$ cat input_17.cif   # mmCIF, C-alpha atoms
data_final
#
loop_
_atom_site.label_atom_id
_atom_site.label_comp_id
_atom_site.auth_asym_id
_atom_site.auth_seq_id
_atom_site.Cartn_x
_atom_site.Cartn_y
_atom_site.Cartn_z
CA ASP A 29 227.74 -177.91 103.55
CA SER A 30 228.45 -180.57 100.97
CA PRO A 31 225.46 -182.21 99.21
CA GLN A 32 226.17 -185.39 101.20
CA ARG A 33 225.31 -183.63 104.48
CA MET A 34 222.84 -180.98 103.46
CA THR A 35 219.13 -180.92 104.18
CA LEU A 36 217.15 -178.46 102.11
CA THR A 37 213.65 -177.01 102.49
CA ILE A 38 211.80 -176.53 99.22
CA ALA A 39 208.31 -175.28 98.38
CA LEU A 40 205.90 -176.15 95.59
CA ALA A 41 203.00 -173.93 94.52
CA GLN A 42 199.96 -175.87 93.33
CA MET A 43 198.01 -173.40 91.21
CA THR A 44 194.79 -173.03 89.28
CA SER A 45 196.25 -170.66 86.72
CA GLY A 46 193.85 -168.80 84.47
CA VAL A 47 193.78 -166.62 81.39
CA ASP A 48 195.02 -163.39 83.05
CA PRO A 49 198.83 -163.31 83.45
CA ALA A 50 198.70 -160.43 85.95
CA SER A 51 196.51 -162.44 88.33
CA ASN A 52 198.73 -165.49 87.95
CA LEU A 53 201.88 -163.46 88.62
CA ALA A 54 200.24 -162.00 91.74
CA ALA A 55 199.52 -165.55 92.98
CA ILE A 56 203.15 -166.51 92.28
CA ALA A 57 204.40 -163.49 94.25
CA ASP A 58 202.17 -164.46 97.19
CA ALA A 59 203.47 -168.04 97.04
CA ALA A 60 207.05 -166.79 97.00
CA GLN A 61 206.37 -164.65 100.07
CA ALA A 62 204.90 -167.64 101.90
CA ALA A 63 207.77 -169.90 100.81
CA ALA A 64 210.40 -167.45 102.00
CA THR A 65 208.60 -166.94 105.32
CA ALA A 66 208.54 -170.73 105.80
CA GLY A 67 212.31 -170.91 105.27
CA ALA A 68 212.33 -172.51 101.83
CA SER A 69 215.39 -172.03 99.63
CA MET A 70 213.60 -172.92 96.39
CA LEU A 71 210.10 -172.51 95.00
CA PHE A 72 208.81 -174.73 92.19
CA LEU A 73 205.83 -173.67 90.04
CA PRO A 74 203.62 -175.83 87.79
CA GLU A 75 203.43 -176.02 84.02
CA MET A 76 201.83 -172.93 82.41
CA ALA A 77 202.01 -171.07 85.71
CA VAL A 78 201.84 -167.60 84.16
CA LEU A 79 199.18 -168.35 81.55
CA LEU A 80 196.97 -171.41 81.10
CA ASP A 81 194.64 -170.87 78.17
CA ARG A 82 193.85 -173.30 75.35
CA ASP A 83 192.04 -170.59 73.36
CA ARG A 84 194.65 -169.79 70.71
CA ALA A 85 193.18 -166.45 69.65
CA ARG A 86 192.69 -165.14 73.18
CA SER A 87 196.08 -166.27 74.45
CA SER A 88 197.86 -164.79 71.42
CA ALA A 89 197.43 -161.34 72.93
CA HIS A 90 199.91 -162.35 75.66
CA VAL A 91 202.29 -164.82 73.97
CA VAL A 92 205.40 -163.26 72.44
CA ARG A 93 209.06 -164.21 72.15
CA GLU A 94 210.89 -164.46 75.47
CA GLY A 95 213.02 -161.42 74.67
CA ASP A 96 209.88 -159.32 74.08
CA SER A 97 207.94 -160.59 77.09
CA ASP A 98 207.49 -158.87 80.47
CA TRP A 99 207.11 -162.21 82.26
CA PRO A 100 210.81 -163.10 82.69
CA ALA A 101 211.56 -159.75 84.33
CA ALA A 102 208.55 -160.12 86.64
CA LEU A 103 209.62 -163.61 87.67
CA ALA A 104 213.23 -162.51 88.15
CA ALA A 105 212.04 -159.68 90.39
CA ILE A 106 210.05 -162.14 92.53
CA ALA A 107 213.10 -164.39 92.94
CA ARG A 108 215.32 -161.44 93.79
CA HIS A 109 212.88 -159.79 96.20
CA HIS A 110 212.46 -162.97 98.26
CA GLY A 111 216.01 -164.31 97.86
CA LEU A 112 214.72 -167.60 96.44
CA TRP A 113 215.72 -169.94 93.68
CA LEU A 114 212.62 -169.88 91.49
CA HIS A 115 211.82 -172.75 89.14
CA ALA A 116 209.12 -170.98 87.16
CA GLY A 117 207.33 -174.15 86.03
CA SER A 118 206.73 -173.27 82.41
CA ALA A 119 205.20 -170.55 80.26
CA PRO A 120 204.29 -170.24 76.58
CA PHE A 121 206.51 -168.11 74.37
CA LEU A 122 206.73 -167.69 70.63
CA ALA A 123 209.62 -169.72 69.27
CA ASP A 124 212.78 -167.73 68.62
CA ASP A 125 212.80 -168.63 64.90
CA GLY A 126 210.39 -165.83 64.04
CA GLY A 127 207.44 -168.13 63.27
CA GLN A 128 204.05 -168.36 64.93
CA ARG A 129 204.54 -171.66 66.70
CA ARG A 130 205.19 -171.60 70.42
CA VAL A 131 207.52 -173.28 72.87
CA ASN A 132 206.57 -174.53 76.33
CA ARG A 133 209.55 -173.16 78.27
CA THR A 134 210.93 -173.54 81.78
CA LEU A 135 212.93 -170.64 83.21
CA LEU A 136 215.07 -171.15 86.32
CA PHE A 137 216.10 -168.05 88.29
CA ALA A 138 218.81 -167.67 90.93
CA PRO A 139 218.15 -165.63 94.10
CA ASP A 140 219.81 -162.57 92.55
CA GLY A 141 217.28 -162.67 89.72
CA SER A 142 219.71 -163.93 87.11
CA LEU A 143 218.55 -166.58 84.66
CA ALA A 144 220.29 -169.84 85.56
CA ALA A 145 218.75 -172.11 82.89
CA ARG A 146 216.01 -172.49 80.31
CA TYR A 147 214.44 -175.64 78.88
CA ASP A 148 211.91 -176.20 76.08
CA LYS A 149 209.56 -179.16 76.50
CA ILE A 150 210.71 -181.97 74.20
CA HIS A 151 207.70 -184.31 74.03
CA LEU A 152 204.36 -182.87 72.88
CA PHE A 153 201.00 -184.14 74.16
CA ASP A 154 198.96 -185.41 71.19
CA VAL A 155 196.28 -187.77 72.42
CA ASP A 156 192.61 -188.78 72.15
CA LEU A 157 191.22 -189.72 75.56
CA PRO A 158 188.40 -192.22 76.24
CA THR A 159 186.39 -189.31 77.67
CA GLY A 160 186.27 -187.74 74.21
CA GLU A 161 188.84 -185.08 75.02
CA SER A 162 191.36 -184.53 72.22
CA TRP A 163 194.66 -182.72 72.70
CA ARG A 164 197.02 -181.72 69.88
CA GLU A 165 199.86 -179.78 71.46
CA SER A 166 201.89 -180.08 68.25
CA ALA A 167 199.29 -178.00 66.38
CA LEU A 168 200.50 -174.91 68.23
CA TYR A 169 203.84 -175.85 69.82
CA GLN A 170 207.18 -177.09 68.61
CA GLY A 171 209.26 -179.42 70.74
CA GLY A 172 212.68 -178.61 72.10
CA GLY A 173 215.73 -180.71 71.41
CA ALA A 174 218.22 -180.09 74.22
CA LEU A 175 218.76 -181.86 77.54
CA VAL A 176 219.22 -179.41 80.41
CA VAL A 177 220.78 -180.18 83.79
CA ALA A 178 221.14 -177.02 85.86
CA PRO A 179 222.99 -176.25 89.10
CA CYS A 180 220.89 -175.38 92.15
CA PRO A 181 221.06 -175.86 95.94
CA ALA A 182 219.39 -179.27 95.74
CA GLY A 183 222.15 -180.52 93.46
CA PRO A 184 222.04 -180.67 89.66
CA VAL A 185 218.40 -180.59 88.57
CA GLY A 186 217.18 -182.18 85.35
CA LEU A 187 214.56 -180.02 83.68
CA THR A 188 211.50 -181.66 82.11
CA ILE A 189 207.83 -180.76 81.64
CA CYS A 190 204.64 -182.83 82.02
CA TYR A 191 204.35 -185.24 79.05
CA ASP A 192 208.13 -185.76 79.17
CA LEU A 193 207.30 -187.89 82.23
CA ARG A 194 206.27 -190.81 80.00
CA PHE A 195 209.71 -191.21 78.39
CA PRO A 196 212.12 -192.92 80.84
CA GLU A 197 215.02 -192.73 78.38
CA LEU A 198 215.01 -188.94 78.82
CA TYR A 199 215.50 -189.30 82.58
CA ALA A 200 218.26 -191.87 82.16
CA ALA A 201 220.05 -189.37 79.93
CA LEU A 202 219.60 -186.60 82.51
CA VAL A 203 221.13 -188.80 85.21
CA ALA A 204 224.02 -189.65 82.89
CA ASN A 205 224.56 -185.89 82.69
CA GLY A 206 224.67 -185.51 86.47
CA ALA A 207 221.06 -184.95 87.59
CA ARG A 208 220.24 -185.69 91.23
CA VAL A 209 216.83 -183.97 91.27
CA LEU A 210 214.18 -184.16 88.53
CA ALA A 211 211.77 -181.25 88.10
CA ILE A 212 208.50 -182.25 86.40
CA PRO A 213 206.05 -179.31 86.45
CA ALA A 214 202.72 -180.44 85.06
CA ALA A 215 199.13 -179.72 84.12
CA PHE A 216 197.83 -183.30 83.97
CA THR A 217 194.24 -183.79 82.92
CA ALA A 218 192.00 -185.30 85.59
CA PRO A 219 191.50 -188.69 83.80
CA THR A 220 195.17 -189.31 83.01
CA GLY A 221 196.19 -188.02 86.42
CA ALA A 222 193.93 -190.43 88.26
CA ALA A 223 195.26 -193.33 86.19
CA HIS A 224 198.97 -192.62 85.85
CA TRP A 225 200.28 -189.66 87.89
CA HIS A 226 201.51 -191.37 91.05
CA VAL A 227 202.84 -194.55 89.48
CA LEU A 228 204.84 -192.74 86.79
CA MET A 229 206.29 -190.18 89.19
CA ARG A 230 207.37 -192.89 91.63
CA ALA A 231 208.81 -194.99 88.80
CA ARG A 232 210.96 -192.10 87.56
CA ALA A 233 212.31 -191.58 91.09
CA ILE A 234 213.08 -195.27 91.64
CA GLU A 235 214.71 -195.97 88.29
CA THR A 236 216.97 -192.89 88.50
CA ALA A 237 217.56 -192.76 92.29
CA CYS A 238 216.68 -189.06 92.15
CA PHE A 239 214.33 -186.81 94.03
CA VAL A 240 211.29 -185.97 91.91
CA VAL A 241 209.70 -182.54 92.40
CA ALA A 242 206.40 -182.18 90.56
CA ALA A 243 204.45 -178.95 91.05
CA ALA A 244 201.04 -179.30 89.43
CA GLN A 245 198.04 -177.37 88.24
CA GLY A 246 194.90 -178.44 90.07
CA GLY A 247 191.25 -177.49 89.79
CA GLN A 248 188.77 -175.99 87.34
CA HIS A 249 190.39 -173.42 85.05
CA ASP A 250 189.06 -170.35 83.26
CA ASP A 251 189.49 -172.02 79.87
CA GLY A 252 187.22 -174.92 80.85
CA ARG A 253 189.74 -177.64 81.54
CA GLN A 254 190.12 -179.49 84.83
CA THR A 255 193.55 -180.56 86.06
CA TYR A 256 194.47 -183.28 88.50
CA GLY A 257 196.60 -181.49 91.10
CA HIS A 258 198.35 -183.77 93.63
CA SER A 259 201.70 -181.95 93.52
CA LEU A 260 204.36 -184.40 94.69
CA VAL A 261 207.81 -184.65 96.17
CA ILE A 262 209.21 -188.19 95.97
CA ASP A 263 212.50 -189.45 97.37
CA PRO A 264 215.00 -191.69 95.54
CA TRP A 265 213.40 -194.83 97.04
CA GLY A 266 210.05 -193.92 95.54
CA ARG A 267 208.50 -192.78 98.82
CA VAL A 268 206.10 -189.83 98.76
CA VAL A 269 207.68 -187.13 100.93
CA ALA A 270 204.89 -184.57 100.44
CA GLU A 271 201.65 -184.37 98.48
CA ALA A 272 199.05 -181.66 97.89
CA HIS A 273 195.48 -182.82 97.64
CA ASP A 274 192.59 -180.36 97.40
CA GLY A 275 192.66 -176.98 95.70
CA PRO A 276 193.21 -174.36 94.99
CA ASP A 277 190.02 -174.06 92.96
CA GLY A 278 190.22 -170.43 91.93
CA PRO A 279 192.77 -167.66 92.39
CA GLY A 280 195.86 -168.21 94.50
CA ALA A 281 198.12 -171.13 95.17
CA GLN A 282 198.35 -173.95 97.68
CA LEU A 283 201.86 -174.11 99.14
CA LEU A 284 203.48 -177.49 99.75
CA LEU A 285 206.68 -177.70 101.82
CA ALA A 286 209.18 -180.56 101.88
CA GLU A 287 212.52 -181.33 103.49
CA LEU A 288 215.02 -183.01 101.19
CA ASP A 289 217.75 -185.10 102.79
CA LEU A 290 220.12 -184.93 99.83
CA ALA A 291 222.22 -187.81 101.16
CA GLU A 292 219.31 -190.07 100.18
CA VAL A 293 220.47 -189.90 96.57
CA ASP A 294 223.89 -191.31 97.44
CA ARG A 295 222.40 -193.97 99.73
CA ALA A 296 219.93 -195.13 97.09
CA ARG A 297 222.58 -195.26 94.38
CA ALA A 298 224.98 -197.16 96.61
CA ALA A 299 222.33 -199.73 97.52
CA ILE A 300 221.15 -200.31 93.94
CA PRO A 301 223.86 -199.26 91.46
CA LEU A 302 221.54 -198.73 88.53
CA SER A 303 223.86 -196.41 86.64
CA ALA A 304 226.80 -198.82 86.70
CA SER A 305 224.57 -201.74 85.72
CA ARG A 306 223.05 -199.73 82.88
CA THR A 307 226.50 -198.74 81.58
CA GLN A 308 227.76 -202.34 81.70
CA ARG A 309 224.67 -203.66 79.91
CA ARG A 310 224.91 -201.00 77.22
CA ALA A 311 228.58 -201.86 76.61
CA ALA A 312 227.67 -205.55 76.29
CA TRP A 313 224.92 -204.79 73.77
CA LEU A 314 227.27 -202.66 71.68
CA SER A 315 229.90 -205.40 71.75
CA GLU A 316 227.34 -208.00 70.68
CA ALA A 317 226.10 -205.80 67.85
CA ALA A 318 229.65 -205.15 66.61
CA GLY A 319 230.32 -208.89 66.51
CA ARG A 320 227.39 -209.71 64.25
#

$ encode --input "input_17.cif" --output "structure tokens"
Amino acid sequence: DSPQRMTLTIALAQMTSGVDPASNLAAIADAAQAAATAGASMLFLPEMAVLLDRDRARSSAHVVREGDSDWPAALAAIARHHGLWLHAGSAPFLADDGGQRRVNRTLLFAPDGSLAARYDKIHLFDVDLPTGESWRESALYQGGGALVVAPCPAGPVGLTICYDLRFPELYAALVANGARVLAIPAAFTAPTGAAHWHVLMRARAIETACFVVAAAQGGQHDDGRQTYGHSLVIDPWGRVVAEAHDGPDGPGAQLLLAELDLAEVDRARAAIPLSASRTQRRAAWLSEAAGR
């Protein structure tokens, strides 16, 4: 079927990932089994699905360059075994430049287990919260620099991660490069999630006329942090199609299913031609600037 007529079932795994990659991979395999049994064509995982650990020394035992890691092969085997497209959320790897800084990397696998795309998180979360929490992602990670729009059954999917959500210009660029679905795996803190999660996710959907698929971490984690959860699927009109609420709080994953009517993208873009208006306005600004 063409994208204009196709309806697609997707699944999101809301996880409470911990400090043991083997346990997290087992939870992912169980979620993939449940997703396939439910008839889903794609499974989306949250940020840091394979390892969520802010203890640098402890996590260093597991974090290596992608080419030296066992995780990609394990994830590819899960996709292949269940015949699913697997958006693996993200995982930490050592950067490929040979240094000790890390990248926060999305891997997207096709149902045959082949790697369809990779994306390194561009925007790094450096913030001091009113609660006293302080996060300095840039102390350990380096940001990526490449936009990635990847083919998949839902249509071209723009790959982003968590804090990227706060930069609408990134999503406009993804749409200009063909994106119809936006993947935003996340591990939002509880305070920022309560304040901003829903409104920002809905805004990104509305302003791009894309589906937003946001698999999230949720619950109390082994490393002491608490994440907001509330995995979401939002349609191009900004309506919440599906939302996870409670749990999991411990091992395992909560599975969220959603039906995507992919024709909604075309209907939303026809009703409110944001892309054409944006292009016209940009051309006018450039003309004005050239005339000064």

$ residues_around --input "input_17.cif" --residues "Ile56 of chain A" --least-positions-apart "6" --cutoff "9 Å" --atoms "only C-alpha atoms" --output "PDB file with C-alpha atoms, keeping the file's coordinate frame"
ATOM      1  CA  ALA A  41     203.000-173.930  94.520  1.00  0.00           C
ATOM      2  CA  MET A  43     198.010-173.400  91.210  1.00  0.00           C
ATOM      3  CA  LEU A  73     205.830-173.670  90.040  1.00  0.00           C
ATOM      4  CA  ALA A  77     202.010-171.070  85.710  1.00  0.00           C
ATOM      5  CA  VAL A  78     201.840-167.600  84.160  1.00  0.00           C
ATOM      6  CA  LEU A 103     209.620-163.610  87.670  1.00  0.00           C
ATOM      7  CA  ILE A 106     210.050-162.140  92.530  1.00  0.00           C
ATOM      8  CA  GLY A 280     195.860-168.210  94.500  1.00  0.00           C
ATOM      9  CA  ALA A 281     198.120-171.130  95.170  1.00  0.00           C
TER      10      ALA A 281
END

$ residues_around --input "input_17.cif" --residues "segment 225-238 of chain A" --least-positions-apart "5" --cutoff "7 Å" --atoms "all atoms listed in the file" --output "ChimeraX atom specification"
/A:196,200,203,208-210,262-266,293,296-297

$ write_last_selection --input "input_17.cif" --atoms "C-alpha atoms" --output "mmCIF file, in the coordinates of the input"
data_model
loop_
_atom_site.group_PDB
_atom_site.id
_atom_site.type_symbol
_atom_site.label_atom_id
_atom_site.label_comp_id
_atom_site.auth_asym_id
_atom_site.auth_seq_id
_atom_site.Cartn_x
_atom_site.Cartn_y
_atom_site.Cartn_z
ATOM 1 C CA PRO A 196 212.120 -192.920 80.840
ATOM 2 C CA ALA A 200 218.260 -191.870 82.160
ATOM 3 C CA VAL A 203 221.130 -188.800 85.210
ATOM 4 C CA ARG A 208 220.240 -185.690 91.230
ATOM 5 C CA VAL A 209 216.830 -183.970 91.270
ATOM 6 C CA LEU A 210 214.180 -184.160 88.530
ATOM 7 C CA ILE A 262 209.210 -188.190 95.970
ATOM 8 C CA ASP A 263 212.500 -189.450 97.370
ATOM 9 C CA PRO A 264 215.000 -191.690 95.540
ATOM 10 C CA TRP A 265 213.400 -194.830 97.040
ATOM 11 C CA GLY A 266 210.050 -193.920 95.540
ATOM 12 C CA VAL A 293 220.470 -189.900 96.570
ATOM 13 C CA ALA A 296 219.930 -195.130 97.090
ATOM 14 C CA ARG A 297 222.580 -195.260 94.380
#

$ residues_around --input "input_17.cif" --residues "Asn52 of chain A" --least-positions-apart "6" --cutoff "12 Å" --atoms "all atoms listed in the file" --output "list of chain:residue names"
A:Ala41, A:Gln42, A:Met43, A:Thr44, A:Ser45, A:Gly46, A:Asp58, A:Ala59, A:Leu73, A:Pro74, A:Met76, A:Ala77, A:Val78, A:Leu79, A:Leu80, A:Asp81, A:Trp99, A:Ala102, A:Leu103, A:Ala116, A:Ala119, A:Gln245, A:His249, A:Asp250, A:Gly278, A:Pro279, A:Gly280, A:Ala281

$ residues_around --input "input_17.cif" --residues "Asp148 of chain A" --least-positions-apart "3" --cutoff "8 Å" --atoms "only C-alpha atoms" --output "number ranges by chain"
A: 131-134, 171-174

$ atom_distance --input "input_17.cif" --atom1 "atom CA of Val268 of chain A" --atom2 "atom CA of Asn205 of chain A"
24.8 Å

$ residues_near_point --input "input_17.cif" --point "(196.4, -168.1, 64.9)" --cutoff "12 Å" --atoms "all atoms listed in the file" --output "PDB file with C-alpha atoms, keeping the file's coordinate frame"
ATOM      1  CA  ARG A  82     193.850-173.300  75.350  1.00  0.00           C
ATOM      2  CA  ASP A  83     192.040-170.590  73.360  1.00  0.00           C
ATOM      3  CA  ARG A  84     194.650-169.790  70.710  1.00  0.00           C
ATOM      4  CA  ALA A  85     193.180-166.450  69.650  1.00  0.00           C
ATOM      5  CA  ARG A  86     192.690-165.140  73.180  1.00  0.00           C
ATOM      6  CA  SER A  87     196.080-166.270  74.450  1.00  0.00           C
ATOM      7  CA  SER A  88     197.860-164.790  71.420  1.00  0.00           C
ATOM      8  CA  ALA A  89     197.430-161.340  72.930  1.00  0.00           C
ATOM      9  CA  VAL A  91     202.290-164.820  73.970  1.00  0.00           C
ATOM     10  CA  LEU A 122     206.730-167.690  70.630  1.00  0.00           C
ATOM     11  CA  GLY A 127     207.440-168.130  63.270  1.00  0.00           C
ATOM     12  CA  GLN A 128     204.050-168.360  64.930  1.00  0.00           C
ATOM     13  CA  ARG A 129     204.540-171.660  66.700  1.00  0.00           C
ATOM     14  CA  ARG A 130     205.190-171.600  70.420  1.00  0.00           C
ATOM     15  CA  ALA A 167     199.290-178.000  66.380  1.00  0.00           C
ATOM     16  CA  LEU A 168     200.500-174.910  68.230  1.00  0.00           C
ATOM     17  CA  TYR A 169     203.840-175.850  69.820  1.00  0.00           C
TER      18      TYR A 169
END

$ residues_around --input "input_17.cif" --residues "segment 253-256 of chain A" --least-positions-apart "3" --cutoff "6 Å" --atoms "all atoms listed in the file" --output "list in words"
Ala215, Phe216, Thr217, Ala218, Gly221, Gln245, Gly246, Gly247, Gln248 and His249 of chain A

$ axis_aligned_box --input "input_17.cif" --around "segment 175-184 of chain A" --padding-each-side "8 Å" --output "lines of an AutoDock Vina configuration file"
center_x = 220.9
center_y = -178.6
center_z = 86.7
size_x = 20.2
size_y = 22.5
size_z = 34.4
